[in-house]
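K.L.:
Provided herewith is a single structure, encoded as structure tokens, for subsequent inquiry.
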Amino acid sequence: MRLSIATGTGMLRQLPRGAEEEIAMSGALTGRGYQRLGENVTLQMRDWQEAIDFFAEIPAEAIDLQHFGRKPNVNMGSQQIDQLRRFVQARNLWPSEPPEFRAAAEAYFARVSEVGNALMRAMAVGLGLPEHFFDSVTDRSFWCVRVIGYPALHREQLNLSCGEHTDYGCWTILAQDETPDALEVQLPGGHWEKVQPRPGAFVVNLGDMLSVWTQGRYVATRHRVRQTAGDYRTSIAFFYEPNFDAVIRPLDLSPLSGWQAIEHRPVASTEPLQRGLAGQELIYGEHLFAKVSSNFDFE
Ligand SMILES: O=C(O)CCC(=O)C(=O)O
Ligand SMILES: [Fe+2]
């Protein structure tokens with residue numbers, strides 16, 4: 001996999017050719033490791049990308065999985081809870097070369113997760129809530145990172161580099177290399193706007209859980225990637241998320257009644273997300289697991 005982003009911590013050097021194969025994602029749904037070109041799927045289409053995926057490593061005893069079986073609205077039997085357990089207890093896979101990759105990556109993840117904390121606190125203040133309002137549901141953030149490589153799409157290819165979607169959780173803090181014209185976000189009127197890279201700047205997108213909490217005062221950003229301008233593009237998406245077992249329920253935002261809500265029409269919905277958008281509660285982990293599973297289902 002070719003990596004070419006230089007971050008503040010110098011995280012990404014080029015991986016030696018083939019180094020990613022030793023960490024290829026196994027058939028079992030652990031969500032971690034290397035996904036080859038065309039293995040990731042959005043809306044039943046193969047995305048034209050390769051990626052290495054990482055998740056926060058939360059001690060198993062710090063996640064209350066029984067809680068998923070107790071909530072009356074949550075449709076999870078013991079078999080699904082076992083699947084969830086395997087998913088949250090899996091550990092990240094690291095390439096052995098270059099040897100400094102792991103420490104640099106972990107330092108980068110820790111720094112960017114602080115940016116996520118700051119965004120949550122800024123949002124709380126913006127909503128007229130106490131600054132630390134969201135701490136109890138994000139203090140063990142089940143963040144995810146995708147280090148993604150995009151070869152150019154061929155002219156006749158019908159699929160996208162990354163199909164249209166919204167991200168799952170709170171905030172996506174995205175570093176992209178200098179390849180122009182790749183990422184596009186959809187504006188409220190439907191127009192797709194290109195988001196050009198700026199040196200030293202992150203792109204920040206909003207995720208589904210903000211739509212649920214705020215019932216449409218904040219709306220998850222629809223976006224997609226079409227990489228045709230560069231030979232190979234690299235991005236690092238840091239998904240800052242709630243705790244895996246966080247209960248997400250719409251906030252009482254009556255003091256903000258002057259704010260106009262915008263409807264969040266999910267591109268690809270899950271049953272828990274629909275419940276949340278309808279004003280009921282969901283557990284973040286059930287939504288995440290449903291979304292991640294759909295990235296492997298196709299044809
Ligand atoms: O590479 C990008 O610019 C965006 C990637 C993305 O949207 C995602 O992985 O969710
Ligand atoms: Fe995304």
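All residue names refer to the structure tokens as shown: chains lettered A, B, ... in order, residues numbered from 1 in each chain, ligands numbered from 1 in order.
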Go through segment 197-286 of chain A residue by residue and, counting only C-alpha atoms, keep those with an atom at most 12 Å from segment 135-145 of chain A; for each kept residue give the shortest atom pair and its distance in Å to one decimal, ordered by chain and increasing number, as CSV.
P.N.:
```
residue,atom,partner,partner_atom,distance
A:Met209,CA,A:Val137,CA,11.5
A:Trp213,CA,A:Val137,CA,11.7
A:Ser235,CA,A:Val145,CA,10.4
A:Ile236,CA,A:Val145,CA,7.0
A:Ala237,CA,A:Val145,CA,5.6
A:Phe238,CA,A:Val145,CA,4.5
A:Phe239,CA,A:Cys144,CA,5.1
A:Tyr240,CA,A:Trp143,CA,4.8
A:Glu241,CA,A:Trp143,CA,5.0
A:Pro242,CA,A:Thr138,CA,4.6
A:Asn243,CA,A:Ser141,CA,4.4
A:Phe244,CA,A:Phe142,CA,5.5
A:Asp245,CA,A:Val137,CA,8.3
A:Ala246,CA,A:Val137,CA,5.3
A:Val247,CA,A:Val137,CA,7.5
A:Ile248,CA,A:Val137,CA,8.2
A:Arg249,CA,A:Val137,CA,10.9
A:Ile283,CA,A:Val137,CA,10.6
A:Tyr284,CA,A:Phe142,CA,9.3
A:Gly285,CA,A:Phe142,CA,8.8
```
K.L.:
Could you pull out the residues sitting within 10 Å of ligand 2, using only C-alpha atoms and all ligand atoms, and write them as a CSV table (one decimal) with N, CA, C and O atoms, in the first residue's frame?
P.N.:
```csv
chain,number,residue,atom,x,y,z
A,146,ARG,N,-9.4,4.9,9.6
A,146,ARG,CA,-9.1,4.2,8.3
A,146,ARG,C,-8.0,5.0,7.6
A,146,ARG,O,-8.1,6.2,7.4
A,162,CYS,N,-15.2,5.9,-3.2
A,162,CYS,CA,-16.0,5.7,-2.0
A,162,CYS,C,-17.4,6.2,-2.2
A,162,CYS,O,-17.6,7.3,-2.5
A,163,GLY,N,-18.3,5.2,-2.1
A,163,GLY,CA,-19.7,5.6,-2.4
A,163,GLY,C,-20.3,6.5,-1.4
A,163,GLY,O,-19.8,6.7,-0.3
A,164,GLU,N,-21.4,7.1,-1.8
A,164,GLU,CA,-22.1,8.2,-1.0
A,164,GLU,C,-22.6,7.6,0.3
A,164,GLU,O,-23.1,6.5,0.4
A,165,HIS,N,-22.3,8.3,1.4
A,165,HIS,CA,-22.7,7.8,2.7
A,165,HIS,C,-22.6,8.9,3.7
A,165,HIS,O,-22.1,10.0,3.4
A,166,THR,N,-23.1,8.7,4.9
A,166,THR,CA,-22.8,9.5,6.1
A,166,THR,C,-21.9,8.7,7.0
A,166,THR,O,-22.0,7.5,7.1
A,167,ASP,N,-21.1,9.4,7.8
A,167,ASP,CA,-20.3,8.6,8.8
A,167,ASP,C,-21.2,8.3,10.0
A,167,ASP,O,-22.2,8.9,10.2
A,168,TYR,N,-20.7,7.4,10.9
A,168,TYR,CA,-21.6,6.8,11.8
A,168,TYR,C,-21.8,7.5,13.2
A,168,TYR,O,-22.8,7.4,13.8
A,172,THR,N,-15.9,13.3,12.1
A,172,THR,CA,-14.8,12.7,11.3
A,172,THR,C,-13.7,13.8,11.1
A,172,THR,O,-14.0,14.9,10.6
A,173,ILE,N,-12.5,13.5,11.5
A,173,ILE,CA,-11.4,14.4,11.4
A,173,ILE,C,-10.5,13.9,10.4
A,173,ILE,O,-9.8,12.9,10.6
A,174,LEU,N,-10.5,14.4,9.2
A,174,LEU,CA,-9.9,13.8,8.0
A,174,LEU,C,-8.7,14.6,7.5
A,174,LEU,O,-8.8,15.8,7.3
A,183,LEU,N,-12.6,14.4,-2.8
A,183,LEU,CA,-13.7,14.4,-1.8
A,183,LEU,C,-14.8,15.4,-2.2
A,183,LEU,O,-14.5,16.5,-2.6
A,185,VAL,N,-18.8,16.8,-0.8
A,185,VAL,CA,-19.8,16.8,0.2
A,185,VAL,C,-21.1,17.4,-0.5
A,185,VAL,O,-21.1,18.2,-1.4
A,205,ASN,N,-16.2,16.4,9.2
A,205,ASN,CA,-17.6,16.0,8.8
A,205,ASN,C,-18.4,15.6,10.1
A,205,ASN,O,-17.8,15.1,11.0
A,206,LEU,N,-19.7,15.7,10.0
A,206,LEU,CA,-20.5,15.4,11.1
A,206,LEU,C,-21.1,14.0,10.9
A,206,LEU,O,-21.4,13.6,9.7
A,207,GLY,N,-21.3,13.2,12.0
A,207,GLY,CA,-21.8,11.9,11.8
A,207,GLY,C,-23.2,11.7,12.3
A,207,GLY,O,-23.8,12.6,12.9
A,221,THR,N,-23.1,14.8,7.5
A,221,THR,CA,-22.7,15.3,6.1
A,221,THR,C,-22.7,14.1,5.2
A,221,THR,O,-22.0,13.1,5.4
A,222,ARG,N,-23.5,14.2,4.1
A,222,ARG,CA,-23.4,13.2,3.0
A,222,ARG,C,-22.1,13.5,2.2
A,222,ARG,O,-21.9,14.6,1.8
A,223,HIS,N,-21.4,12.5,1.9
A,223,HIS,CA,-20.1,12.7,1.2
A,223,HIS,C,-19.8,11.4,0.4
A,223,HIS,O,-20.3,10.4,0.6
A,224,ARG,N,-18.8,11.6,-0.6
A,224,ARG,CA,-18.4,10.5,-1.4
A,224,ARG,C,-17.0,10.9,-2.0
A,224,ARG,O,-16.6,12.1,-1.8
A,225,VAL,N,-16.3,10.0,-2.6
A,225,VAL,CA,-15.0,10.3,-3.1
A,225,VAL,C,-15.0,9.7,-4.6
A,225,VAL,O,-15.4,8.6,-4.8
A,237,ALA,N,-8.8,8.9,7.8
A,237,ALA,CA,-10.1,9.4,8.5
A,237,ALA,C,-10.1,8.9,9.9
A,237,ALA,O,-10.0,7.7,10.2
A,238,PHE,N,-10.2,9.9,10.8
A,238,PHE,CA,-10.3,9.5,12.2
A,238,PHE,C,-11.7,9.8,12.6
A,238,PHE,O,-12.2,10.9,12.6
A,239,PHE,N,-12.4,8.7,13.0
A,239,PHE,CA,-13.8,8.8,13.3
A,239,PHE,C,-13.9,8.9,14.9
A,239,PHE,O,-13.7,7.9,15.5
```
K.L.:
If you run DSSP on the backbone here, which positions in segment 68-272 of chain A get strand (DSSP E)? Please write them as a PyMOL selection string.
P.N.:
chain A and resi 144-151+162-165+171-176+183-186+192-194+203-206+223-225+232-240+247-248
K.L.:
Okay, now the selection with C-alpha atoms, as an mmCIF file, in the first residue's frame?
P.N.:
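Printed below is result_1.cif as written:
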```cif
data_model
loop_
_atom_site.group_PDB
_atom_site.id
_atom_site.type_symbol
_atom_site.label_atom_id
_atom_site.label_comp_id
_atom_site.auth_asym_id
_atom_site.auth_seq_id
_atom_site.Cartn_x
_atom_site.Cartn_y
_atom_site.Cartn_z
ATOM 1 C CA CYS A 144 -12.031 4.179 14.457
ATOM 2 C CA VAL A 145 -9.287 5.137 12.031
ATOM 3 C CA ARG A 146 -9.085 4.241 8.348
ATOM 4 C CA VAL A 147 -5.851 4.864 6.513
ATOM 5 C CA ILE A 148 -7.082 4.794 2.935
ATOM 6 C CA GLY A 149 -5.370 4.585 -0.456
ATOM 7 C CA TYR A 150 -7.200 5.379 -3.691
ATOM 8 C CA PRO A 151 -5.752 4.490 -7.095
ATOM 9 C CA CYS A 162 -15.957 5.667 -1.961
ATOM 10 C CA GLY A 163 -19.735 5.562 -2.393
ATOM 11 C CA GLU A 164 -22.120 8.161 -1.024
ATOM 12 C CA HIS A 165 -22.679 7.806 2.725
ATOM 13 C CA TRP A 171 -17.038 13.836 14.149
ATOM 14 C CA THR A 172 -14.762 12.692 11.348
ATOM 15 C CA ILE A 173 -11.405 14.423 11.410
ATOM 16 C CA LEU A 174 -9.936 13.832 7.999
ATOM 17 C CA ALA A 175 -6.398 14.433 6.767
ATOM 18 C CA GLN A 176 -6.055 14.231 2.993
ATOM 19 C CA LEU A 183 -13.729 14.366 -1.808
ATOM 20 C CA GLU A 184 -17.225 15.769 -2.405
ATOM 21 C CA VAL A 185 -19.841 16.805 0.160
ATOM 22 C CA GLN A 186 -23.519 17.312 -0.567
ATOM 23 C CA TRP A 192 -22.087 18.124 -4.702
ATOM 24 C CA GLU A 193 -19.253 20.445 -3.677
ATOM 25 C CA LYS A 194 -15.605 19.418 -3.956
ATOM 26 C CA VAL A 203 -11.738 18.411 6.934
ATOM 27 C CA VAL A 204 -14.328 17.837 9.671
ATOM 28 C CA ASN A 205 -17.555 16.006 8.843
ATOM 29 C CA LEU A 206 -20.542 15.369 11.102
ATOM 30 C CA HIS A 223 -20.139 12.689 1.155
ATOM 31 C CA ARG A 224 -18.375 10.525 -1.411
ATOM 32 C CA VAL A 225 -14.993 10.251 -3.126
ATOM 33 C CA TYR A 232 -2.838 7.606 -5.997
ATOM 34 C CA ARG A 233 -4.494 9.488 -3.136
ATOM 35 C CA THR A 234 -4.069 8.827 0.569
ATOM 36 C CA SER A 235 -6.332 10.028 3.359
ATOM 37 C CA ILE A 236 -6.552 9.257 7.063
ATOM 38 C CA ALA A 237 -10.069 9.384 8.454
ATOM 39 C CA PHE A 238 -10.274 9.549 12.234
ATOM 40 C CA PHE A 239 -13.828 8.807 13.344
ATOM 41 C CA TYR A 240 -14.422 10.219 16.801
ATOM 42 C CA VAL A 247 -27.123 5.199 25.066
ATOM 43 C CA ILE A 248 -27.870 7.951 22.569
#
```
K.L.:
Out of A:Glu106, A:Asp177, A:Glu20, A:Glu114, which residue has the shortest atom-to-atom distance to ligand 1 when counting only C-alpha atoms and all ligand atoms?
P.N.:
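Answer, going by the shortest atom-to-atom distance: A:Asp177.
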K.L.:
Taking only C-alpha atoms into account, name the residue in A:Arg121, A:Ala107, A:Leu160, A:Pro250 that is nearest to Leu43 of chain A.
P.N.:
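Smallest separation from Leu43 of chain A among the options: A:Leu160.
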K.L.:
In Å, how far is it from atom CA of Leu277 of chain A to atom CA of Gln215 of chain A?
P.N.:
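We find that atom CA of Leu277 of chain A and atom CA of Gln215 of chain A lie 6.6 Å from each other.
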K.L.:
Please identify which residues in segment 121-219 of chain A DSSP calls alpha helix (DSSP H) from the backbone, and express them as a list in words.
P.N.:
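Here is the list: Arg121, Ala122, Met123, Ala124, Val125, Gly126, Asp135, Ser136, Val137, Thr138, Asp208, Met209, Leu210, Ser211, Val212, Trp213 and Thr214 of chain A.
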K.L.:
Just write the chosen residues, all heavy atoms, as a short mmCIF file (atom, residue, chain, number, x, y, z; two decimals), in the first residue's frame.
P.N.:
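Output saved as again-v4.cif:
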```
data_model
loop_
_atom_site.label_atom_id
_atom_site.label_comp_id
_atom_site.auth_asym_id
_atom_site.auth_seq_id
_atom_site.Cartn_x
_atom_site.Cartn_y
_atom_site.Cartn_z
N ARG A 121 -16.98 19.27 23.32
CA ARG A 121 -17.20 20.32 24.34
C ARG A 121 -17.68 21.61 23.68
O ARG A 121 -18.58 22.28 24.20
CB ARG A 121 -15.91 20.54 25.12
CG ARG A 121 -15.67 19.35 26.02
CD ARG A 121 -14.40 19.34 26.78
NE ARG A 121 -14.30 18.00 27.39
CZ ARG A 121 -13.20 17.47 27.87
NH1 ARG A 121 -12.05 18.14 27.82
NH2 ARG A 121 -13.23 16.27 28.40
N ALA A 122 -17.11 21.92 22.51
CA ALA A 122 -17.56 23.13 21.80
C ALA A 122 -19.03 22.97 21.40
O ALA A 122 -19.82 23.91 21.51
CB ALA A 122 -16.69 23.37 20.57
N MET A 123 -19.39 21.78 20.97
CA MET A 123 -20.78 21.57 20.56
C MET A 123 -21.71 21.71 21.77
O MET A 123 -22.78 22.34 21.67
CB MET A 123 -20.97 20.19 19.93
CG MET A 123 -22.41 19.97 19.51
SD MET A 123 -22.70 18.47 18.58
CE MET A 123 -22.74 17.28 19.89
N ALA A 124 -21.30 21.14 22.92
CA ALA A 124 -22.13 21.26 24.13
C ALA A 124 -22.39 22.74 24.44
O ALA A 124 -23.54 23.16 24.64
CB ALA A 124 -21.45 20.57 25.32
N VAL A 125 -21.33 23.54 24.41
CA VAL A 125 -21.49 24.96 24.72
C VAL A 125 -22.40 25.62 23.67
O VAL A 125 -23.30 26.39 24.00
CB VAL A 125 -20.10 25.65 24.79
CG1 VAL A 125 -20.23 27.16 24.91
CG2 VAL A 125 -19.29 25.07 25.96
N GLY A 126 -22.18 25.24 22.40
CA GLY A 126 -23.00 25.81 21.31
C GLY A 126 -24.48 25.48 21.46
O GLY A 126 -25.35 26.21 21.00
N ASP A 135 -19.26 14.23 28.20
CA ASP A 135 -18.11 13.42 28.66
C ASP A 135 -18.51 12.00 29.02
O ASP A 135 -17.80 11.05 28.71
CB ASP A 135 -17.43 14.07 29.88
CG ASP A 135 -16.63 15.32 29.51
OD1 ASP A 135 -16.78 15.80 28.35
OD2 ASP A 135 -15.89 15.83 30.37
N SER A 136 -19.66 11.84 29.67
CA SER A 136 -20.00 10.50 30.17
C SER A 136 -20.32 9.53 29.02
O SER A 136 -20.26 8.32 29.21
CB SER A 136 -21.19 10.56 31.14
OG SER A 136 -22.32 11.01 30.42
N VAL A 137 -20.63 10.02 27.84
CA VAL A 137 -20.92 9.12 26.72
C VAL A 137 -19.78 9.05 25.70
O VAL A 137 -19.88 8.34 24.70
CB VAL A 137 -22.24 9.47 26.00
CG1 VAL A 137 -23.43 8.92 26.75
CG2 VAL A 137 -22.37 10.96 25.75
N THR A 138 -18.69 9.80 25.96
CA THR A 138 -17.56 9.76 25.02
C THR A 138 -16.22 9.51 25.72
O THR A 138 -15.19 9.51 25.06
CB THR A 138 -17.45 11.08 24.21
OG1 THR A 138 -17.42 12.16 25.14
CG2 THR A 138 -18.61 11.27 23.26
N ASP A 208 -23.75 10.50 12.08
CA ASP A 208 -25.16 10.19 12.35
C ASP A 208 -25.61 10.51 13.78
O ASP A 208 -26.76 10.90 13.99
CB ASP A 208 -25.41 8.68 12.14
CG ASP A 208 -25.24 8.22 10.70
OD1 ASP A 208 -25.46 9.03 9.78
OD2 ASP A 208 -24.89 7.04 10.50
N MET A 209 -24.73 10.27 14.76
CA MET A 209 -25.19 10.44 16.14
C MET A 209 -25.50 11.90 16.47
O MET A 209 -26.34 12.19 17.32
CB MET A 209 -24.17 9.87 17.14
CG MET A 209 -24.00 8.37 17.04
SD MET A 209 -25.53 7.43 17.29
CE MET A 209 -25.99 7.01 15.61
N LEU A 210 -24.85 12.83 15.74
CA LEU A 210 -25.19 14.24 15.98
C LEU A 210 -26.60 14.54 15.48
O LEU A 210 -27.32 15.33 16.08
CB LEU A 210 -24.18 15.17 15.30
CG LEU A 210 -22.71 15.04 15.69
CD1 LEU A 210 -21.92 16.24 15.18
CD2 LEU A 210 -22.52 14.92 17.19
N SER A 211 -26.99 13.88 14.39
CA SER A 211 -28.37 14.05 13.90
C SER A 211 -29.37 13.53 14.93
O SER A 211 -30.43 14.12 15.13
CB SER A 211 -28.60 13.27 12.59
OG SER A 211 -27.92 13.85 11.52
N VAL A 212 -29.03 12.40 15.59
CA VAL A 212 -29.97 11.84 16.58
C VAL A 212 -30.04 12.74 17.81
O VAL A 212 -31.12 13.13 18.25
CB VAL A 212 -29.55 10.41 16.97
CG1 VAL A 212 -30.42 9.88 18.12
CG2 VAL A 212 -29.65 9.47 15.76
N TRP A 213 -28.86 13.07 18.36
CA TRP A 213 -28.87 13.89 19.57
C TRP A 213 -29.64 15.20 19.36
O TRP A 213 -30.40 15.61 20.21
CB TRP A 213 -27.43 14.24 19.96
CG TRP A 213 -26.81 13.32 20.94
CD1 TRP A 213 -27.39 12.74 22.05
CD2 TRP A 213 -25.44 12.87 20.92
NE1 TRP A 213 -26.46 11.97 22.71
CE2 TRP A 213 -25.27 12.03 22.05
CE3 TRP A 213 -24.35 13.10 20.08
CZ2 TRP A 213 -24.05 11.43 22.34
CZ3 TRP A 213 -23.15 12.51 20.38
CH2 TRP A 213 -23.00 11.67 21.50
N THR A 214 -29.36 15.84 18.22
CA THR A 214 -29.92 17.20 18.04
C THR A 214 -31.19 17.19 17.21
O THR A 214 -31.73 18.24 16.91
CB THR A 214 -28.89 18.13 17.37
OG1 THR A 214 -28.70 17.73 16.00
CG2 THR A 214 -27.55 18.12 18.10
#
```
K.L.:
Name all residues at most 12 Å from segment 65-75 of chain A (count only C-alpha atoms; drop same-chain ones fewer than 2 positions away) and give them as a ChimeraX atom specification.
P.N.:
/A:60-63,77-89,243-247,270-276,280-287,290
K.L.:
Go ahead and write the selection's residues with C-alpha atoms as a PDB file, in the first residue's frame.
P.N.:
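Output below, filename out-v9.pdb:
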```
ATOM      1  CA  ALA A  60     -13.365  -5.700  27.659  1.00  0.00           C
ATOM      2  CA  GLU A  61     -14.601  -5.190  31.218  1.00  0.00           C
ATOM      3  CA  ALA A  62     -15.142  -1.470  30.538  1.00  0.00           C
ATOM      4  CA  ILE A  63     -17.913  -2.176  28.005  1.00  0.00           C
ATOM      5  CA  GLY A  77     -30.161 -11.974  21.094  1.00  0.00           C
ATOM      6  CA  SER A  78     -27.291 -13.812  22.761  1.00  0.00           C
ATOM      7  CA  GLN A  79     -25.769 -14.811  19.410  1.00  0.00           C
ATOM      8  CA  GLN A  80     -25.534 -11.195  18.308  1.00  0.00           C
ATOM      9  CA  ILE A  81     -24.132 -10.167  21.657  1.00  0.00           C
ATOM     10  CA  ASP A  82     -21.413 -12.813  21.196  1.00  0.00           C
ATOM     11  CA  GLN A  83     -20.610 -11.284  17.804  1.00  0.00           C
ATOM     12  CA  LEU A  84     -20.410  -7.858  19.416  1.00  0.00           C
ATOM     13  CA  ARG A  85     -18.084  -9.272  22.054  1.00  0.00           C
ATOM     14  CA  ARG A  86     -15.726 -10.687  19.405  1.00  0.00           C
ATOM     15  CA  PHE A  87     -15.765  -7.357  17.608  1.00  0.00           C
ATOM     16  CA  VAL A  88     -14.966  -5.165  20.626  1.00  0.00           C
ATOM     17  CA  GLN A  89     -12.416  -7.575  22.062  1.00  0.00           C
ATOM     18  CA  ASN A 243     -18.568   4.931  23.831  1.00  0.00           C
ATOM     19  CA  PHE A 244     -19.537   1.547  22.416  1.00  0.00           C
ATOM     20  CA  ASP A 245     -22.229   1.064  25.069  1.00  0.00           C
ATOM     21  CA  ALA A 246     -23.369   4.708  25.123  1.00  0.00           C
ATOM     22  CA  VAL A 247     -27.123   5.199  25.066  1.00  0.00           C
ATOM     23  CA  THR A 270     -29.972   0.851  10.070  1.00  0.00           C
ATOM     24  CA  GLU A 271     -32.879  -0.062  12.309  1.00  0.00           C
ATOM     25  CA  PRO A 272     -31.217   1.590  15.350  1.00  0.00           C
ATOM     26  CA  LEU A 273     -30.564   4.794  13.390  1.00  0.00           C
ATOM     27  CA  GLN A 274     -34.185   4.961  12.263  1.00  0.00           C
ATOM     28  CA  ARG A 275     -35.262   4.536  15.857  1.00  0.00           C
ATOM     29  CA  GLY A 276     -32.958   7.379  16.937  1.00  0.00           C
ATOM     30  CA  GLN A 280     -36.193   7.093  20.585  1.00  0.00           C
ATOM     31  CA  GLU A 281     -32.990   5.813  22.111  1.00  0.00           C
ATOM     32  CA  LEU A 282     -30.353   3.541  20.627  1.00  0.00           C
ATOM     33  CA  ILE A 283     -27.055   2.102  21.747  1.00  0.00           C
ATOM     34  CA  TYR A 284     -24.131   3.316  19.677  1.00  0.00           C
ATOM     35  CA  GLY A 285     -22.614  -0.185  19.350  1.00  0.00           C
ATOM     36  CA  GLU A 286     -25.728  -1.695  17.731  1.00  0.00           C
ATOM     37  CA  HIS A 287     -25.741   1.040  15.090  1.00  0.00           C
ATOM     38  CA  ALA A 290     -25.039  -2.894  11.702  1.00  0.00           C
TER      39      ALA A 290
END
```
K.L.:
When you count only C-alpha atoms and all ligand atoms, which of these residues is closest to ligand 1: A:Gly216, A:Gly200, A:Gly279, A:Gly169?
P.N.:
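Result for the nearest residue to ligand 1: A:Gly169.
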K.L.:
So, counting only C-alpha atoms and all ligand atoms, which residue among A:Ser96, A:Gln260, A:Asn295, A:Asn117 is closest to ligand 1?
P.N.:
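So, comparing all the options, the nearest one is A:Asn295.
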K.L.:
So that I can check the surroundings of Val41 of chain A, please list as a PyMOL selection string every protein, DNA and RNA residue that reaches within 6 Å of it, counting only C-alpha atoms and ignoring chain neighbours fewer than 3 positions away.
P.N.:
chain A and resi 44-47+295-296
K.L.:
With only C-alpha atoms and all ligand atoms as the basis for distance, which of A:Glu22, A:Glu50, A:Glu263, A:Glu156 is at the shortest distance from ligand 1?
P.N.:
A:Glu50
K.L.:
Have a look at atom 4 (C, counted along the ligand's line) of ligand 1 and atom CA of Ile58 of chain A and let me know their distance in Å, one decimal.
P.N.:
25.0 Å
K.L.:
Rank nothing, just name the residue among A:Val115, A:Ala182, A:Leu288, A:Ala201 nearest to ligand 1, using only C-alpha atoms and all ligand atoms.
P.N.:
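Selected residue with least distance to ligand 1: A:Ala182.
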K.L.:
If you measure from atom CA of Asn92 of chain A to atom CA of Glu21 of chain A, what distance in Å do you get, rounded to one decimal?
P.N.:
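Between atom CA of Asn92 of chain A and atom CA of Glu21 of chain A the gap is 14.3 Å.
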K.L.:
For Arg32 of chain A, find every residue with an atom within 8 Å (counting only C-alpha atoms), except residues of its own chain fewer than 5 positions away, and show them as a count of residues only.
P.N.:
9
